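Peer 1: Next up is a structure, given as structure tokens.
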Number of protein chains: 2
Amino acid sequence: MDEVVVVGLGSMGMGAALSLLRKGFVVRGCDLSPAARDAFAAAGGTASGSPAEAAQGAGAAITMVVNAAQTRDVLFGAGGVADALAPGAVVISSATMSPTEARALAEEAEARGLLFLDAPVSGGSIKARAGEITVMASGSPDAFAAARPVLDAVAAKVYELGDEAGLGSAYKIVNQLLAGVHIAAAGEAMVLAARLGLDLPKVYEVITASAGNSWMFGNRVPHILEGDYSPRSAIDIWVKDLGIVADLSRELDLPLALTEAARTLYREASEAGMGRDDDASVARLIAGRAGVALPGKEG
Amino acid sequence: MDEVVVVGLGSMGMGAALSLLRKGFVVRGCDLSPAARDAFAAAGGTASGSPAEAAQGAGAAITMVVNAAQTRDVLFGAGGVADALAPGAVVISSATMSPTEARALAEEAEARGLLFLDAPVSGGSIKARAGEITVMASGSPDAFAAARPVLDAVAAKVYELGDEAGLGSAYKIVNQLLAGVHIAAAGEAMVLAARLGLDLPKVYEVITASAGNSWMFGNRVPHILEGDYSPRSAIDIWVKDLGIVADLSRELDLPLALTEAARTLYREASEAGMGRDDDASVARLIAGRAGVALPGKEG
């Protein structure tokens, strides 16, 4: 149980893997990128490009890949994690996905004799490095019990949201709807402020102390003020996550016009070539189309 | 200077008037509603239905009416405040309006020998009663100096945003854009959560501690949880304030698609008969159209 495989050494997965190492787990990382593997090896872990090789005999696997399709592939595809884990091991599934997809993965894991925790995360790369992410988790009591030592090592807060897979993903997607809309709203507000000739750092000061504030406004607007669109979280994350909301919206016959308007902005930003840039680039998109100057190297 | 007229004894104006009374000012209130005037008289103030009568010889006037048109009317219409104030008195204009309208009012006040502070407010009725509103103010140093004793009596925080009328209103409208979008986003998120069968108080607990949080989510979602849509702030406030943003958007040739989607939701809620209900009613609109049950007397 003290052997853990972390699949996906991106900013969240790397942070979780390093936190586990620090707490004394034997951690094997898995990533397609040699650079990510080298970075983890340099920090004292072992790494492999093969999920099955990394998972061999481990008692727990965390999957921190991009989406449900990748999660399915690394778990159940050829050379996947599922066949290599120790019998009765727990899979901690942390990619953002629809509740339906999380339930389907849980069924497949359980059919193979594995425990499954639907456990999407939030908090960003800095909290991941510190072992202080938030986990929105659901699953059987056995899955929680098996995952507990790993969760304690990577998370500051674990919400226990029910005993069925799908619930954790449902809470996460509600959070993503809000966060995605709020970043886009911050973009529109800051471009309007710039067009009105306001002192943008002062706008930040006033709004963060007022009823117009959001967690995302406080976190992302500094990127706009600094004109720094190097990716902390990318535009394409929101194309993906609000795409999941859009699929759910259709599936449930529940129109969500505001969220759809935000999704359109992210898609347009991605199509304009900013997909891998910081998500605050939605402000650049709006400003660029209207000829409004924002702070930055060009400005 | 210790004689002040407060025009508009709604929730914000009444709070400001009572705060001024408490601090020892001679306060004359003005409102078209006999009930509002009676309430203020019962609290120890004097009240009139006529702006000119209430303003007679006062050194300061605060206008806390609905919009720019009402502000213009109570100041400069027949029987208005402007001709009745003491020479050199200060007008503190606190309705939400466009920067252009605030500048026009300032010009007219100054042409009549009055000082003018562009001073929209936020904070809600509870903070208004406590003398703890936030003021986003701009105007000449003389206008600030003349208004200072009044501002100190009604506000916990006064942002000094520049020496020209229009700037205070510009900051306020940026705040309203965000606040209006965030309430609508909270509505969509909570209806999605209800449709997914989530535990709504738990959603509130998780989101308010997560990156999806906003000031408005924290403040308004309890109304949804309680099924209580008695108006703290009404749908029609947002039809009005996002209407100001829409006018600005056209005037400045700056498309704001997300804000426009939020405005559409408020207009639809108003057209569905919820205009005077609490602004959290945007959730009822979305839920009702999709046949989703929310907490409440009906549910």
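Identifiers in the structure tokens: chain A, B, ... in order shown; residue index from 1 per chain; ligand index from 1 in order shown.
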Would you mind writing down, as a ChimeraX atom specification, each residue of stretch 3-226 of chain A that DSSP on the backbone assigns to helix (DSSP H, G or I)?
Peer 2: /A:11-22,34-42,51-55,68-76,99-111,124-129,141-154,167-195,200-208,215-226
Peer 1: Define the interface residues of chain A facing chain B as those within 6 Å, counting only C-alpha atoms, and report them as a PyMOL selection string.
Peer 2: chain A and resi 174-175+178-179+189+211-215+254+258+261+290
Peer 1: I'd like the interatomic distance between atom CA of A:Asn67 and atom CA of A:Ala165, to a tenth of an Å.
Peer 2: 15.8 Å
Peer 1: What lies within 12 Å of A:Arg37 using only C-alpha atoms, ignoring chain neighbours under 4 positions off, as a compact mmCIF listing (two decimals) with N, CA, C and O atoms, in the first residue's frame?
Peer 2:
```txt
# COMPACT_ATOMS: atom_id res chain seq x y z
N VAL A 6 1.60 7.28 -10.01
CA VAL A 6 0.94 8.53 -10.41
C VAL A 6 1.01 8.61 -11.93
O VAL A 6 2.12 8.72 -12.49
N VAL A 7 -0.13 8.56 -12.59
CA VAL A 7 -0.15 8.59 -14.05
C VAL A 7 -0.51 10.00 -14.51
O VAL A 7 -1.60 10.50 -14.21
N GLY A 8 0.44 10.62 -15.19
CA GLY A 8 0.25 12.00 -15.62
C GLY A 8 1.07 12.92 -14.74
O GLY A 8 0.65 13.25 -13.64
N LEU A 9 2.26 13.31 -15.24
CA LEU A 9 3.14 14.18 -14.45
C LEU A 9 3.08 15.61 -14.96
O LEU A 9 4.09 16.28 -15.15
N GLY A 10 1.88 16.10 -15.20
CA GLY A 10 1.68 17.52 -15.47
C GLY A 10 1.80 18.31 -14.18
O GLY A 10 2.31 17.80 -13.17
N GLY A 13 -0.22 16.44 -11.35
CA GLY A 13 0.30 15.11 -11.09
C GLY A 13 1.71 15.17 -10.51
O GLY A 13 2.04 14.42 -9.57
N MET A 14 2.54 16.04 -11.05
CA MET A 14 3.90 16.17 -10.52
C MET A 14 3.86 16.62 -9.06
O MET A 14 4.59 16.09 -8.22
N ALA A 17 2.80 13.70 -6.96
CA ALA A 17 3.87 12.69 -6.89
C ALA A 17 4.98 13.13 -5.94
O ALA A 17 5.47 12.34 -5.12
N ARG A 28 6.05 5.68 -8.21
CA ARG A 28 6.48 5.54 -9.60
C ARG A 28 5.59 6.42 -10.46
O ARG A 28 4.36 6.33 -10.42
N GLY A 29 6.21 7.31 -11.20
CA GLY A 29 5.47 8.21 -12.08
C GLY A 29 5.39 7.65 -13.48
O GLY A 29 6.23 6.84 -13.89
N CYS A 30 4.37 8.08 -14.22
CA CYS A 30 4.21 7.65 -15.60
C CYS A 30 3.79 8.84 -16.44
O CYS A 30 2.83 9.55 -16.10
N ASP A 31 4.53 9.08 -17.51
CA ASP A 31 4.15 10.17 -18.41
C ASP A 31 4.74 9.87 -19.78
O ASP A 31 5.79 9.23 -19.88
N LEU A 32 4.07 10.31 -20.82
CA LEU A 32 4.60 10.11 -22.17
C LEU A 32 5.79 11.03 -22.43
O LEU A 32 6.61 10.75 -23.30
N SER A 33 5.89 12.12 -21.68
CA SER A 33 6.95 13.10 -21.92
C SER A 33 8.23 12.71 -21.20
O SER A 33 8.27 12.62 -19.97
N ALA A 41 12.41 11.85 -11.94
CA ALA A 41 13.55 11.02 -11.53
C ALA A 41 14.59 11.86 -10.79
O ALA A 41 15.18 11.42 -9.79
N ALA A 42 14.81 13.07 -11.27
CA ALA A 42 15.80 13.95 -10.64
C ALA A 42 15.38 14.31 -9.22
O ALA A 42 16.22 14.60 -8.36
N ALA A 43 14.07 14.28 -8.96
CA ALA A 43 13.57 14.60 -7.62
C ALA A 43 13.56 13.38 -6.71
O ALA A 43 13.13 13.46 -5.56
N GLY A 44 14.01 12.24 -7.23
CA GLY A 44 14.12 11.06 -6.37
C GLY A 44 13.09 9.98 -6.63
O GLY A 44 13.10 8.94 -5.95
N GLY A 45 12.22 10.18 -7.60
CA GLY A 45 11.23 9.15 -7.93
C GLY A 45 11.73 8.25 -9.04
O GLY A 45 12.83 8.44 -9.56
N THR A 46 10.94 7.25 -9.38
CA THR A 46 11.24 6.50 -10.60
C THR A 46 10.10 6.76 -11.56
O THR A 46 8.97 7.05 -11.15
N ALA A 47 10.39 6.67 -12.84
CA ALA A 47 9.38 7.03 -13.83
C ALA A 47 9.48 6.12 -15.04
O ALA A 47 10.54 5.59 -15.35
N SER A 48 8.34 5.98 -15.69
CA SER A 48 8.27 5.10 -16.85
C SER A 48 7.30 5.69 -17.86
O SER A 48 6.39 6.45 -17.50
N GLY A 49 7.48 5.33 -19.11
CA GLY A 49 6.52 5.75 -20.13
C GLY A 49 5.36 4.78 -20.25
O GLY A 49 4.38 5.05 -20.92
N SER A 50 5.48 3.63 -19.55
CA SER A 50 4.45 2.60 -19.65
C SER A 50 3.62 2.53 -18.38
O SER A 50 4.14 2.28 -17.29
N ALA A 54 4.88 1.06 -14.68
CA ALA A 54 4.89 1.92 -13.49
C ALA A 54 3.98 1.37 -12.39
O ALA A 54 4.25 1.53 -11.20
```
Peer 1: Contacts of B:Glu132 at 10 Å or less, counting only C-alpha atoms, minus same-chain residues fewer than 2 places along, as a count of residues only?
Peer 2: 22
